[in-house]
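Reproduced below: data_19.csv, with CSV, C-alpha atoms and all ligand atoms.
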chain,number,residue,atom,x,y,z
Q,1,MET,CA,1.1,57.3,-0.9
Q,2,GLY,CA,3.6,56.1,-3.4
Q,3,LEU,CA,6.3,58.2,-1.7
Q,4,PRO,CA,5.8,56.7,1.8
Q,5,TYR,CA,5.9,53.2,0.3
Q,6,ARG,CA,9.1,53.9,-1.6
Q,7,SER,CA,10.7,55.8,1.3
Q,8,PHE,CA,9.8,53.7,4.3
Q,9,VAL,CA,8.1,50.4,3.5
Q,10,ARG,CA,10.1,49.4,0.4
Q,11,PRO,CA,13.6,49.7,2.1
Q,12,ILE,CA,12.5,47.4,4.9
Q,13,LEU,CA,11.1,44.8,2.4
Q,14,LYS,CA,14.2,45.2,0.3
Q,15,VAL,CA,16.5,43.7,2.9
Q,16,MET,CA,14.0,41.0,3.8
Q,17,ASP,CA,13.9,37.6,2.1
Q,18,SER,CA,11.4,37.9,-0.8
Q,19,GLU,CA,9.0,35.3,0.4
Q,20,LYS,CA,9.1,36.6,4.0
Q,21,ALA,CA,8.3,40.1,2.7
Q,22,HIS,CA,5.4,38.6,0.7
Q,23,LYS,CA,4.1,36.7,3.8
Q,24,ASN,CA,4.3,40.0,5.8
Q,25,SER,CA,2.2,41.8,3.1
Q,26,ILE,CA,-0.5,39.1,3.3
Q,27,ASN,CA,-0.4,39.2,7.1
Q,28,ILE,CA,-0.9,43.0,7.1
Q,29,LEU,CA,-3.7,42.7,4.5
Q,30,SER,CA,-5.4,40.1,6.5
Q,31,LYS,CA,-5.8,42.6,9.3
Q,32,PHE,CA,-7.7,44.8,7.0
Q,33,ASP,CA,-9.6,42.0,5.3
Q,34,ASP,CA,-12.5,41.5,7.6
Q,35,SER,CA,-12.7,45.1,8.7
Q,36,THR,CA,-15.0,47.5,6.8
Q,37,THR,CA,-13.2,50.5,8.3
Q,38,GLY,CA,-9.8,49.0,7.4
Q,39,GLN,CA,-11.0,48.5,3.8
Q,40,LEU,CA,-12.3,52.0,3.6
Q,41,LEU,CA,-9.0,53.4,4.9
Q,42,LEU,CA,-7.0,51.4,2.3
Q,43,ASN,CA,-9.4,52.5,-0.4
Q,44,SER,CA,-9.1,56.1,0.6
Q,45,ILE,CA,-5.4,55.8,0.0
Q,46,TYR,CA,-5.2,53.5,-3.0
Q,47,GLY,CA,-8.6,53.6,-4.7
Q,48,ALA,CA,-8.6,53.9,-8.5
Q,49,PRO,CA,-10.9,55.9,-10.7
Q,50,ASP,CA,-13.6,54.2,-12.8
Q,51,GLU,CA,-12.8,53.2,-16.4
Q,52,PRO,CA,-15.5,50.6,-17.0
Q,53,ILE,CA,-15.4,47.7,-19.4
Q,54,THR,CA,-17.6,44.7,-19.8
Q,55,VAL,CA,-15.7,41.5,-20.6
Q,56,LEU,CA,-16.6,37.8,-20.2
Q,57,ASN,CA,-20.2,38.8,-19.2
Q,58,ASN,CA,-18.8,40.7,-16.2
Q,59,LEU,CA,-18.7,44.4,-15.7
Q,60,PHE,CA,-15.2,45.5,-14.5
Q,61,ARG,CA,-14.9,49.0,-12.8
Q,62,HIS,CA,-11.6,49.3,-14.8
Q,63,PRO,CA,-9.4,46.8,-16.6
Q,64,LEU,CA,-6.7,46.2,-14.0
Q,65,GLY,CA,-6.7,43.1,-11.7
Q,66,LEU,CA,-4.4,41.2,-9.4
Q,67,ALA,CA,-2.5,38.4,-11.1
Q,68,ALA,CA,-2.4,34.8,-9.9
Q,69,GLY,CA,0.3,33.8,-7.4
Q,70,PHE,CA,0.0,36.8,-5.0
Q,71,ASP,CA,-3.0,35.4,-3.0
Q,72,LYS,CA,-2.4,31.7,-3.6
Q,73,GLY,CA,-4.5,30.6,-0.6
Q,74,ALA,CA,-7.3,33.1,-1.3
Q,75,ASP,CA,-6.7,34.7,2.1
Q,76,VAL,CA,-7.2,38.4,1.5
Q,77,LEU,CA,-9.8,38.6,-1.3
Q,78,SER,CA,-11.6,41.5,0.3
Q,79,SER,CA,-8.5,43.6,0.4
Q,80,TRP,CA,-8.0,43.4,-3.4
Q,81,PRO,CA,-10.6,46.1,-4.2
Q,82,SER,CA,-9.3,48.2,-1.3
Q,83,LEU,CA,-5.9,48.3,-3.0
Q,84,GLY,CA,-7.6,49.6,-6.2
Q,85,PHE,CA,-7.9,46.4,-8.2
Q,86,SER,CA,-11.1,45.9,-10.1
Q,87,TRP,CA,-10.8,42.2,-10.0
Q,88,GLY,CA,-8.4,39.5,-9.0
Q,89,GLU,CA,-7.3,35.9,-9.4
Q,90,TYR,CA,-6.6,33.6,-6.4
Q,91,GLY,CA,-4.4,30.5,-6.6
Q,92,GLY,CA,-2.8,28.6,-8.3
Q,93,VAL,CA,-4.9,26.0,-6.6
Q,94,THR,CA,-4.3,22.3,-7.1
Q,95,ARG,CA,-6.6,19.4,-6.2
Q,96,PHE,CA,-4.3,18.2,-3.4
Q,97,PRO,CA,-2.5,20.4,-0.8
Q,98,GLN,CA,1.2,20.8,-1.6
Q,99,ASP,CA,4.2,22.5,-0.1
Q,100,GLY,CA,5.9,23.5,-3.3
Q,101,ASN,CA,9.7,23.6,-3.7
Q,102,PRO,CA,12.3,24.1,-0.9
Q,103,LYS,CA,13.0,27.7,0.2
Q,104,PRO,CA,14.4,30.1,-0.8
Q,105,ARG,CA,12.4,30.1,-4.0
Q,106,MET,CA,11.6,33.7,-4.7
Q,107,PHE,CA,14.2,36.3,-5.6
Q,108,ARG,CA,14.3,40.0,-6.7
Q,109,ALA,CA,16.5,41.4,-9.4
Q,110,GLU,CA,16.2,45.1,-8.2
Q,111,LYS,CA,18.0,46.7,-11.1
Q,112,GLU,CA,15.9,44.9,-13.7
Q,113,ASN,CA,12.6,45.3,-11.8
Q,114,ALA,CA,12.1,41.5,-12.2
Q,115,LEU,CA,11.3,38.6,-9.9
Q,116,ILE,CA,12.4,35.0,-10.3
Q,117,ASN,CA,10.3,32.4,-8.5
Q,118,ARG,CA,10.2,28.7,-8.3
Q,119,MET,CA,7.4,28.4,-5.8
Q,120,GLY,CA,6.0,25.2,-7.4
Q,121,LEU,CA,2.3,25.8,-6.8
Q,122,ASN,CA,2.4,25.7,-3.0
Q,123,ASN,CA,-1.2,25.9,-1.8
Q,124,PRO,CA,-3.6,24.3,0.8
Q,125,GLY,CA,-5.4,22.3,-1.9
Q,126,ALA,CA,-8.9,22.7,-3.5
Q,127,ILE,CA,-11.0,21.4,-0.6
Q,128,ASN,CA,-9.3,23.6,2.1
Q,129,ILE,CA,-9.7,26.6,-0.1
Q,130,LYS,CA,-13.3,25.8,-0.8
Q,131,ASP,CA,-13.9,25.6,3.0
Q,132,LYS,CA,-12.2,28.9,3.6
Q,133,LEU,CA,-14.2,30.6,0.8
Q,134,ASN,CA,-17.4,29.0,2.0
Q,135,GLN,CA,-16.9,30.5,5.5
Q,136,ARG,CA,-16.1,33.9,3.9
Q,137,LYS,CA,-19.4,33.7,1.9
Q,138,SER,CA,-21.4,32.8,4.9
Q,139,THR,CA,-20.0,35.7,6.9
Q,140,GLY,CA,-20.9,38.1,4.1
Q,141,ASN,CA,-17.3,39.1,3.5
Q,142,TRP,CA,-17.3,38.4,-0.2
Q,143,PRO,CA,-15.9,41.2,-2.3
Q,144,SER,CA,-18.2,42.8,-4.9
Q,145,ILE,CA,-15.7,42.5,-7.8
Q,146,PRO,CA,-15.2,39.7,-10.3
Q,147,ILE,CA,-13.1,36.9,-8.8
Q,148,ALA,CA,-11.1,34.4,-10.8
Q,149,ALA,CA,-9.6,31.1,-9.7
Q,150,ASN,CA,-6.3,29.8,-11.1
Q,151,ILE,CA,-6.1,26.0,-11.4
Q,152,GLY,CA,-2.9,24.0,-11.8
Q,153,ARG,CA,-2.0,20.4,-11.9
Q,154,SER,CA,-1.1,18.7,-8.6
Q,155,SER,CA,2.6,17.8,-8.6
Q,156,LYS,CA,1.9,14.2,-7.6
Q,157,ILE,CA,-0.4,13.6,-10.6
Q,158,SER,CA,1.1,12.6,-14.0
Q,159,ASN,CA,0.3,14.5,-17.2
Q,160,ASP,CA,-1.8,11.5,-18.3
Q,161,ASP,CA,-4.1,11.9,-15.3
Q,162,ALA,CA,-4.2,15.7,-15.5
Q,163,PRO,CA,-7.6,16.0,-17.1
Q,164,GLN,CA,-9.4,14.5,-14.0
Q,165,ASP,CA,-7.1,16.5,-11.7
Q,166,TYR,CA,-8.0,19.8,-13.3
Q,167,SER,CA,-11.7,19.0,-13.7
Q,168,ASP,CA,-12.0,17.9,-10.0
Q,169,THR,CA,-10.5,21.2,-8.8
Q,170,LEU,CA,-12.8,23.1,-11.2
Q,171,GLU,CA,-15.9,21.3,-9.9
Q,172,ILE,CA,-14.9,21.8,-6.2
Q,173,LEU,CA,-14.4,25.5,-6.7
Q,174,TRP,CA,-17.2,26.1,-9.2
Q,175,ASP,CA,-19.4,28.1,-6.8
Q,176,TYR,CA,-16.4,30.1,-5.5
Q,177,ALA,CA,-15.3,32.2,-8.5
Q,178,ASP,CA,-16.8,34.0,-11.4
Q,179,ILE,CA,-14.1,33.1,-13.9
Q,180,PHE,CA,-11.7,30.1,-14.1
Q,181,VAL,CA,-8.2,29.9,-15.5
Q,182,LEU,CA,-6.6,26.7,-16.6
Q,183,ASN,CA,-2.9,27.2,-15.8
Q,184,VAL,CA,-0.9,24.9,-18.2
Q,185,SER,CA,2.0,27.3,-18.2
Q,186,SER,CA,3.7,27.4,-14.8
Q,187,PRO,CA,7.4,26.6,-15.3
Q,188,ASN,CA,7.9,25.3,-11.8
Q,189,THR,CA,6.0,22.0,-11.8
Q,190,PRO,CA,8.0,19.5,-13.9
Q,191,ASN,CA,6.5,18.8,-17.3
Q,192,LEU,CA,3.4,20.9,-16.6
Q,193,ARG,CA,4.0,23.1,-19.6
Q,194,GLU,CA,3.8,20.1,-21.9
Q,195,LEU,CA,0.1,20.2,-21.2
Q,196,GLN,CA,-0.1,23.0,-23.8
Q,197,ASN,CA,0.5,20.4,-26.5
Q,198,HIS,CA,-2.8,19.6,-28.2
Q,199,SER,CA,-2.8,15.9,-27.3
Q,200,TYR,CA,-3.0,16.7,-23.6
Q,201,LEU,CA,-4.8,20.0,-23.9
Q,202,ASP,CA,-7.7,18.3,-25.9
Q,203,LEU,CA,-8.3,15.9,-23.0
Q,204,ILE,CA,-8.0,18.6,-20.3
Q,205,LEU,CA,-10.4,20.9,-22.1
Q,206,SER,CA,-12.9,18.1,-22.8
Q,207,GLU,CA,-13.1,17.3,-19.1
Q,208,CYS,CA,-13.3,20.9,-17.9
Q,209,MET,CA,-15.9,22.0,-20.4
Q,210,LYS,CA,-18.2,19.3,-19.2
Q,211,ILE,CA,-18.3,21.0,-15.8
Q,212,ARG,CA,-19.0,24.4,-17.4
Q,213,ASP,CA,-21.6,23.1,-19.9
Q,214,ASN,CA,-23.5,21.0,-17.3
Q,215,SER,CA,-23.7,23.7,-14.7
Q,216,ILE,CA,-26.8,25.9,-14.2
Q,217,VAL,CA,-24.8,29.1,-14.1
Q,218,TYR,CA,-22.4,29.6,-17.1
Q,219,LYS,CA,-18.9,30.8,-16.1
Q,220,PRO,CA,-16.1,31.6,-18.4
Q,221,ILE,CA,-13.0,29.4,-18.6
Q,222,LEU,CA,-9.7,30.9,-19.8
Q,223,LEU,CA,-6.4,29.3,-20.8
Q,224,LYS,CA,-3.2,30.8,-19.5
Q,225,LEU,CA,-0.2,30.5,-21.9
Q,226,SER,CA,3.5,30.5,-21.6
Q,227,PRO,CA,5.6,33.1,-23.4
Q,228,ASP,CA,8.4,30.5,-24.1
Q,229,ARG,CA,6.9,28.4,-26.9
Q,230,ASP,CA,7.3,29.6,-30.4
Q,231,ASP,CA,4.5,31.3,-32.2
Q,232,ASP,CA,3.3,28.3,-34.1
Q,233,GLN,CA,3.0,26.3,-30.9
Q,234,ILE,CA,1.0,29.1,-29.3
Q,235,ILE,CA,-1.3,29.2,-32.2
Q,236,ASP,CA,-1.8,25.5,-32.0
Q,237,SER,CA,-2.8,25.7,-28.3
Q,238,VAL,CA,-5.1,28.6,-29.2
Q,239,ASP,CA,-6.8,26.7,-32.0
Q,240,THR,CA,-7.2,23.6,-29.8
Q,241,ALA,CA,-8.8,25.7,-27.1
Q,242,ILE,CA,-11.1,27.4,-29.5
Q,243,ARG,CA,-12.3,24.0,-30.8
Q,244,HIS,CA,-13.4,23.3,-27.2
Q,245,ASN,CA,-15.2,26.7,-26.9
Q,246,ILE,CA,-12.7,28.4,-24.6
Q,247,ASP,CA,-13.9,31.8,-23.4
Q,248,GLY,CA,-10.6,33.6,-23.6
Q,249,PHE,CA,-6.8,33.6,-23.0
Q,250,ILE,CA,-4.3,35.0,-20.5
Q,251,ALA,CA,-1.0,36.0,-22.0
Q,252,THR,CA,1.4,35.3,-20.3
Q,253,ASN,CA,2.8,33.3,-17.5
Q,254,THR,CA,6.5,33.8,-16.4
Q,255,THR,CA,9.4,33.0,-18.7
Q,256,ILE,CA,12.4,30.8,-18.2
Q,257,LYS,CA,14.4,33.1,-20.5
Q,258,LYS,CA,16.6,35.4,-18.6
Q,259,PRO,CA,17.9,38.9,-19.7
Q,260,VAL,CA,21.6,39.9,-19.5
Q,261,PRO,CA,22.2,41.0,-15.9
Q,262,MET,CA,22.7,44.7,-15.3
Q,263,ASN,CA,25.0,44.3,-12.3
Q,264,THR,CA,26.8,41.6,-10.1
Q,265,LYS,CA,23.9,41.3,-7.7
Q,266,SER,CA,21.5,40.7,-10.5
Q,267,ARG,CA,23.8,38.1,-12.0
Q,268,LYS,CA,23.4,36.0,-8.9
Q,269,VAL,CA,19.6,36.4,-8.9
Q,270,LEU,CA,19.1,35.8,-12.6
Q,271,SER,CA,21.2,32.6,-12.4
Q,272,GLN,CA,18.5,31.2,-10.1
Q,273,GLU,CA,16.2,28.6,-11.6
Q,274,GLY,CA,12.6,29.5,-12.0
Q,275,GLY,CA,10.2,31.8,-13.9
Q,276,LEU,CA,11.0,35.4,-14.5
Q,277,SER,CA,8.3,38.1,-14.2
Q,278,GLY,CA,8.3,41.9,-14.3
Q,279,ARG,CA,9.9,44.4,-16.7
Q,280,PRO,CA,12.0,42.1,-18.9
Q,281,LEU,CA,8.9,39.9,-19.7
Q,282,HIS,CA,6.8,42.8,-21.1
Q,283,ASN,CA,7.9,42.8,-24.7
Q,284,ARG,CA,7.3,39.1,-25.2
Q,285,SER,CA,4.0,39.3,-23.4
Q,286,LEU,CA,3.0,42.0,-25.8
Q,287,GLU,CA,4.0,39.9,-28.8
Q,288,VAL,CA,1.9,37.0,-27.5
Q,289,ILE,CA,-1.1,39.3,-27.0
Q,290,ARG,CA,-0.7,40.6,-30.5
Q,291,LEU,CA,-0.3,37.1,-31.9
Q,292,ILE,CA,-3.5,35.8,-30.3
Q,293,HIS,CA,-5.5,38.9,-31.1
Q,294,GLY,CA,-4.4,38.9,-34.7
Q,295,HIS,CA,-5.0,35.2,-35.2
Q,296,THR,CA,-8.5,35.3,-33.6
Q,297,ASN,CA,-9.5,38.6,-35.3
Q,298,GLY,CA,-10.2,40.0,-31.9
Q,299,ASN,CA,-13.0,37.6,-31.3
Q,300,TYR,CA,-11.7,36.2,-27.9
Q,301,PRO,CA,-11.0,38.3,-24.8
Q,302,ILE,CA,-7.3,38.4,-23.9
Q,303,ILE,CA,-6.0,39.2,-20.5
Q,304,GLY,CA,-2.6,40.9,-20.8
Q,305,VAL,CA,-0.1,40.2,-18.0
Q,306,GLY,CA,3.7,40.5,-17.9
Q,307,GLY,CA,5.6,43.6,-16.9
Q,308,ILE,CA,2.6,45.9,-16.6
Q,309,GLU,CA,4.1,48.7,-14.4
Q,310,SER,CA,3.0,52.1,-15.8
Q,311,PRO,CA,0.3,53.7,-17.9
Q,312,ASN,CA,2.5,53.2,-21.0
Q,313,THR,CA,3.0,49.5,-20.5
Q,314,ALA,CA,-0.8,49.1,-19.8
Q,315,TRP,CA,-1.8,51.1,-22.8
Q,316,SER,CA,0.5,49.0,-25.0
Q,317,ALA,CA,-1.1,45.8,-23.8
Q,318,ILE,CA,-4.6,47.2,-24.4
Q,319,THR,CA,-3.9,48.6,-27.9
Q,320,SER,CA,-2.2,45.2,-28.7
Q,321,GLY,CA,-5.4,43.4,-28.0
Q,322,ALA,CA,-5.9,43.0,-24.2
Q,323,SER,CA,-9.3,43.9,-22.8
Q,324,LEU,CA,-8.3,43.2,-19.3
Q,325,LEU,CA,-4.9,43.5,-17.5
Q,326,GLN,CA,-3.2,42.0,-14.5
Q,327,LEU,CA,0.0,42.7,-12.5
Q,328,TYR,CA,2.0,41.2,-9.8
Q,329,SER,CA,5.7,42.2,-10.0
Q,330,SER,CA,5.2,45.9,-10.1
Q,331,LEU,CA,3.2,45.7,-6.9
Q,332,VAL,CA,6.3,44.4,-5.3
Q,333,PHE,CA,8.6,47.1,-6.7
Q,334,GLN,CA,6.2,50.1,-6.5
Q,335,GLY,CA,3.7,49.2,-3.8
Q,336,PRO,CA,-0.1,49.4,-4.2
Q,337,SER,CA,-0.1,53.0,-5.6
Q,338,VAL,CA,0.9,51.4,-8.9
Q,339,VAL,CA,-2.7,50.4,-9.5
Q,340,SER,CA,-4.4,53.8,-9.3
Q,341,ASN,CA,-1.4,55.4,-11.2
Q,342,ILE,CA,-1.9,53.0,-14.1
Q,343,VAL,CA,-5.7,53.4,-14.1
Q,344,LYS,CA,-5.5,57.2,-14.0
Q,345,GLY,CA,-2.9,57.1,-16.8
Q,346,ILE,CA,-4.9,54.9,-19.1
Q,347,LYS,CA,-8.0,56.9,-18.5
Q,348,LYS,CA,-6.2,60.1,-19.5
Q,349,ARG,CA,-4.6,58.5,-22.5
Q,350,ARG,CA,-8.0,57.2,-23.7
Q,351,ILE,CA,-9.5,60.6,-23.4
Q,352,ASP,CA,-6.5,62.3,-25.0
Q,353,GLU,CA,-6.6,59.9,-28.0
Q,354,GLY,CA,-10.3,60.5,-28.5
Q,355,PHE,CA,-11.8,57.1,-27.6
Q,356,GLU,CA,-15.3,57.1,-26.1
Q,357,ASN,CA,-14.5,54.1,-23.8
Q,358,ILE,CA,-11.6,51.8,-23.2
Q,359,SER,CA,-13.0,48.9,-25.2
Q,360,GLU,CA,-12.6,51.0,-28.4
Q,361,ALA,CA,-8.9,51.1,-27.8
Q,362,VAL,CA,-8.5,47.3,-27.5
Q,363,GLY,CA,-6.4,46.0,-30.4
Q,364,TYR,CA,-6.3,49.5,-31.9
Q,365,LYS,CA,-2.6,49.2,-32.7
Q,366,LEU,CA,-3.3,46.3,-35.0
Q,367,LEU,CA,-6.0,47.9,-37.1
X,1,LIG,C1,5.8,34.5,-6.9
X,1,LIG,C2,4.9,34.3,-8.1
X,1,LIG,C3,4.0,33.3,-8.0
X,1,LIG,C4,3.2,33.0,-9.1
X,1,LIG,N1,2.3,32.0,-9.1
X,1,LIG,C5,1.4,31.8,-10.1
X,1,LIG,C6,0.5,30.7,-10.1
X,1,LIG,O1,0.3,30.1,-9.1
X,1,LIG,N2,-0.3,30.5,-11.2
X,1,LIG,C7,-0.1,31.3,-12.4
X,1,LIG,O2,-0.8,31.0,-13.4
X,1,LIG,N3,0.8,32.3,-12.4
X,1,LIG,C8,1.6,32.5,-11.3
X,1,LIG,N4,2.5,33.6,-11.4
X,1,LIG,C9,2.6,34.4,-12.6
X,1,LIG,C10,1.8,35.7,-12.6
X,1,LIG,O3,0.4,35.4,-12.4
X,1,LIG,C11,2.0,36.5,-13.9
X,1,LIG,O4,1.6,35.8,-15.0
X,1,LIG,C12,3.5,36.8,-14.1
X,1,LIG,O5,4.1,37.2,-12.8
X,1,LIG,C13,3.7,38.0,-15.0
X,1,LIG,O6,3.1,39.2,-14.5
X,1,LIG,P1,4.0,40.3,-13.8
X,1,LIG,O7,5.2,40.6,-14.7
X,1,LIG,O8,3.1,41.5,-13.5
X,1,LIG,O9,4.5,39.8,-12.5
X,1,LIG,C14,3.3,33.8,-10.3
X,1,LIG,C15,4.2,34.9,-10.3
X,1,LIG,C16,5.0,35.1,-9.2
X,1,LIG,C17,6.0,36.3,-9.2

Since I need it in another form, could you write the structure as structure tokens?
Ligand SMILES: Cc1cc2nc3c(=O)[nH]c(=O)nc-3n(C[C@H](O)[C@H](O)[C@H](O)COP(=O)(O)O)c2cc1C
Amino acid sequence: MGLPYRSFVRPILKVMDSEKAHKNSINILSKFDDSTTGQLLLNSIYGAPDEPITVLNNLFRHPLGLAAGFDKGADVLSSWPSLGFSWGEYGGVTRFPQDGNPKPRMFRAEKENALINRMGLNNPGAINIKDKLNQRKSTGNWPSIPIAANIGRSSKISNDDAPQDYSDTLEILWDYADIFVLNVSSPNTPNLRELQNHSYLDLILSECMKIRDNSIVYKPILLKLSPDRDDDQIIDSVDTAIRHNIDGFIATNTTIKKPVPMNTKSRKVLSQEGGLSGRPLHNRSLEVIRLIHGHTNGNYPIIGVGGIESPNTAWSAITSGASLLQLYSSLVFQGPSVVSNIVKGIKKRRIDEGFENISEAVGYKLL
């Protein structure tokens, strides 16, 4: 099915404005979302093999999930497994509804296989998303895969008031995800990334961990980090989070560093303000995975994200220390078949290299 996507669907999406193309994808998926037959059909085309791993007290059919930002409004949760993903992350969700930045705000650098976006955490807000998810639960259309929720700071809230803003959203969504991600690394909300500094991070984590520790059902909370801070600063955030009993890390969010453009069209795209994702992010993402894995002696689960687009890139992230993976950009460039291609590839690689299961390969490169 990779061929039809590349031959027919992709050329149409290519001439379309990036955000419109994305909206179209969500619209198409929503048609399949509440239809079991539709989901079975998608699954027969895009389903991925099993390559099980248990992480964060959850069993994952295989390590590869959908990254935050694709299903910001949690609209097509039930289609995620049909596209082959073993788990997924909705959001970023903020406490208050917000429109995000003016359009256009999402761009494709075709030659580089990279996206630039400055969406600015556009989303319907925590309460609306909770209502939507509540309805989904009550109609029995809740997918049987682990679901993560990505939480960001509302743009109208100052950094000083961020702890309450994050913990309110966390509390509102507590029953509507298995895993929570504190996003202190989006480059498109002014000053948000300063929240990675320990003075802010301490307060945010204190408030959020109260929700986790006072709830009947324990759910893991992860911290999602930016690739743009230097290694010492990243370690400082990691240590702060560990002091607050964080459950794991996501490495990484998009970068504001841009590669040298490969042609004139890319020059225009890469001069856009915003966060870059996709192929050029991969190496730095691997460095950050390795840094955290080494610093924590492999004691904290790391979710590797950034330029995962092939079995090789996925394998590199796993052997650098990631026990789970996510992708977004390669879905745009290659279509949904990228998911099963990667899972098939890592399974083969794991068997070829003599590992009994995929968790044995996690961080193997660093041993
Ligand atoms: C259009 C777009 C929107 C995104 N929105 C979010 C978001 O709301 N929260 C977040 O933590 N990351 C967001 N991300 C970052 C992705 O989750 C991921 O970290 C990044 O794209 C790197 O992965 P990739 O190279 O596979 O795309 C967004 C990325 C894109 C391209």

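With distances restricted to only C-alpha atoms, Q:Ile116 is the closest residue to Gln272 (chain Q) from Q:Ile172, Q:Val181, Q:Ala109, Q:Ile116.
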
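Between CA of Ile242 (chain Q) and atom N1 of ligand LIG 1 (chain X) the separation is 24.8 Å.
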
>> Neighbouring residues of ligand LIG 1 (chain X) are defined here as those with any atom at most 7 Å from a ligand atom, counting only C-alpha atoms and all ligand atoms; list them as a PyMOL selection string.
In response: chain Q and resi 67-70+72+91-92+106+115-117+119+121+150+183+185-186+224+252-254+277-279+281-282+305-308+326-330

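When all atoms listed in the file are used to compute distances to Asn122 (chain Q), the closest of the residues Q:Asn43, Q:Asn141, Q:Asn159, Q:Thr94 turns out to be Q:Thr94.
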
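Compared by their closest atoms to Asp236 (chain Q), and using all atoms listed in the file, the residues Q:Leu286, Q:Leu331, Q:Ile292, Q:Leu276 rank with Q:Ile292 nearest.
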
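CA of Asp99 (chain Q) to CA of Asn188 (chain Q) spans 12.6 Å [interatomic distance, one decimal].
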
>> I'd like the neighbourhood of Leu201 (chain Q) as an MDAnalysis selection string, where a residue qualifies if any of its atoms comes within 9 Å (using all atoms listed in the file), though same-chain residues fewer than 2 positions away should be ignored.
In response: chainID Q and resid 163 184 194:199 203:206 237 240:241

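Going from CA of Val76 (chain Q) to CA of Asp33 (chain Q) covers 5.8 Å.
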
>> Residues within 12 Å of Lys219 (chain Q), please, as a PyMOL selection string. Count only C-alpha atoms; anything in the same chain fewer than 6 positions from it doesn't count.
In response: chain Q and resi 56-58+146-149+170-171+173-181+208-213+246-248

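Minimum atom-to-atom distances from Q:Asp34, Q:Asp71, Q:Glu309, Q:Asp230 to Val343 (chain Q) were compared using only C-alpha atoms, and the lowest value belongs to Q:Glu309.
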
> Any idea what's packed within 7 Å of Ile346 (chain Q), counting only C-alpha atoms, ignoring anything in its chain fewer than 3 positions away? Could you give it as JSON, numbers by chain?
Replying inline: {"Q": [311, 315, 342, 343, 349, 350]}

> What residues have an atom no more than 10 Å from (19.3, 47.4, -9.8) in the file's own frame, counting all atoms listed in the file, and can you write them as an MDAnalysis selection string?
Replying inline: chainID Q and resid 108:114 261:266

>> Report as a list in words all protein, DNA and RNA residues lying within 7 Å of region 361-363 of chain Q, evaluated on all atoms listed in the file, omitting residues in the same chain fewer than 4 positions from it.
In response: Ile318, Thr319, Ser320, Gly321, Ala322, Ser323, Phe355 and Leu367 of chain Q

>> If we count only C-alpha atoms and set the cut-off at 9 Å, which residues sit around Glu207 (chain Q), ignoring sequence neighbours fewer than 6 positions away in its own chain? Please answer as a ChimeraX atom specification.
In response: /Q:163-164,166-167

Next, the residues of the selection above should be written as an mmCIF file, in the frame of the given file with C-alpha atoms.
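The file below, result00.cif, is the result:
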data_model
loop_
_atom_site.group_PDB
_atom_site.id
_atom_site.type_symbol
_atom_site.label_atom_id
_atom_site.label_comp_id
_atom_site.auth_asym_id
_atom_site.auth_seq_id
_atom_site.Cartn_x
_atom_site.Cartn_y
_atom_site.Cartn_z
ATOM 1 C CA PRO Q 163 -7.600 16.000 -17.100
ATOM 2 C CA GLN Q 164 -9.400 14.500 -14.000
ATOM 3 C CA TYR Q 166 -8.000 19.800 -13.300
ATOM 4 C CA SER Q 167 -11.700 19.000 -13.700
#

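Distances to Gly120 (chain Q) were evaluated for Q:Gly294, Q:Pro187, Q:Pro227, Q:Gly84 using only C-alpha atoms, and the minimum falls at Q:Pro187.
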
> For Arg105 (chain Q), which residue out of Q:Asp228, Q:Glu51, Q:Glu273, Q:Asp239 is the nearest one, using all atoms listed in the file?
Replying inline: Q:Glu273

> In file coordinates, which residues lie within 12 Å of (-8.7, 48.4, 3.3) using all atoms listed in the file, given as number ranges by chain?
Replying inline: Q: 28-47, 76-85, 143, 336

Would you mind exporting the chosen residues as a compact mmCIF listing (two decimals), keeping the file's coordinate frame, restricted to C-alpha atoms?
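To be explicit, this is the file written out as again_13.txt:
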# COMPACT_ATOMS: atom_id res chain seq x y z
CA ILE Q 28 -0.90 43.00 7.10
CA LEU Q 29 -3.70 42.70 4.50
CA SER Q 30 -5.40 40.10 6.50
CA LYS Q 31 -5.80 42.60 9.30
CA PHE Q 32 -7.70 44.80 7.00
CA ASP Q 33 -9.60 42.00 5.30
CA ASP Q 34 -12.50 41.50 7.60
CA SER Q 35 -12.70 45.10 8.70
CA THR Q 36 -15.00 47.50 6.80
CA THR Q 37 -13.20 50.50 8.30
CA GLY Q 38 -9.80 49.00 7.40
CA GLN Q 39 -11.00 48.50 3.80
CA LEU Q 40 -12.30 52.00 3.60
CA LEU Q 41 -9.00 53.40 4.90
CA LEU Q 42 -7.00 51.40 2.30
CA ASN Q 43 -9.40 52.50 -0.40
CA SER Q 44 -9.10 56.10 0.60
CA ILE Q 45 -5.40 55.80 0.00
CA TYR Q 46 -5.20 53.50 -3.00
CA GLY Q 47 -8.60 53.60 -4.70
CA VAL Q 76 -7.20 38.40 1.50
CA LEU Q 77 -9.80 38.60 -1.30
CA SER Q 78 -11.60 41.50 0.30
CA SER Q 79 -8.50 43.60 0.40
CA TRP Q 80 -8.00 43.40 -3.40
CA PRO Q 81 -10.60 46.10 -4.20
CA SER Q 82 -9.30 48.20 -1.30
CA LEU Q 83 -5.90 48.30 -3.00
CA GLY Q 84 -7.60 49.60 -6.20
CA PHE Q 85 -7.90 46.40 -8.20
CA PRO Q 143 -15.90 41.20 -2.30
CA PRO Q 336 -0.10 49.40 -4.20
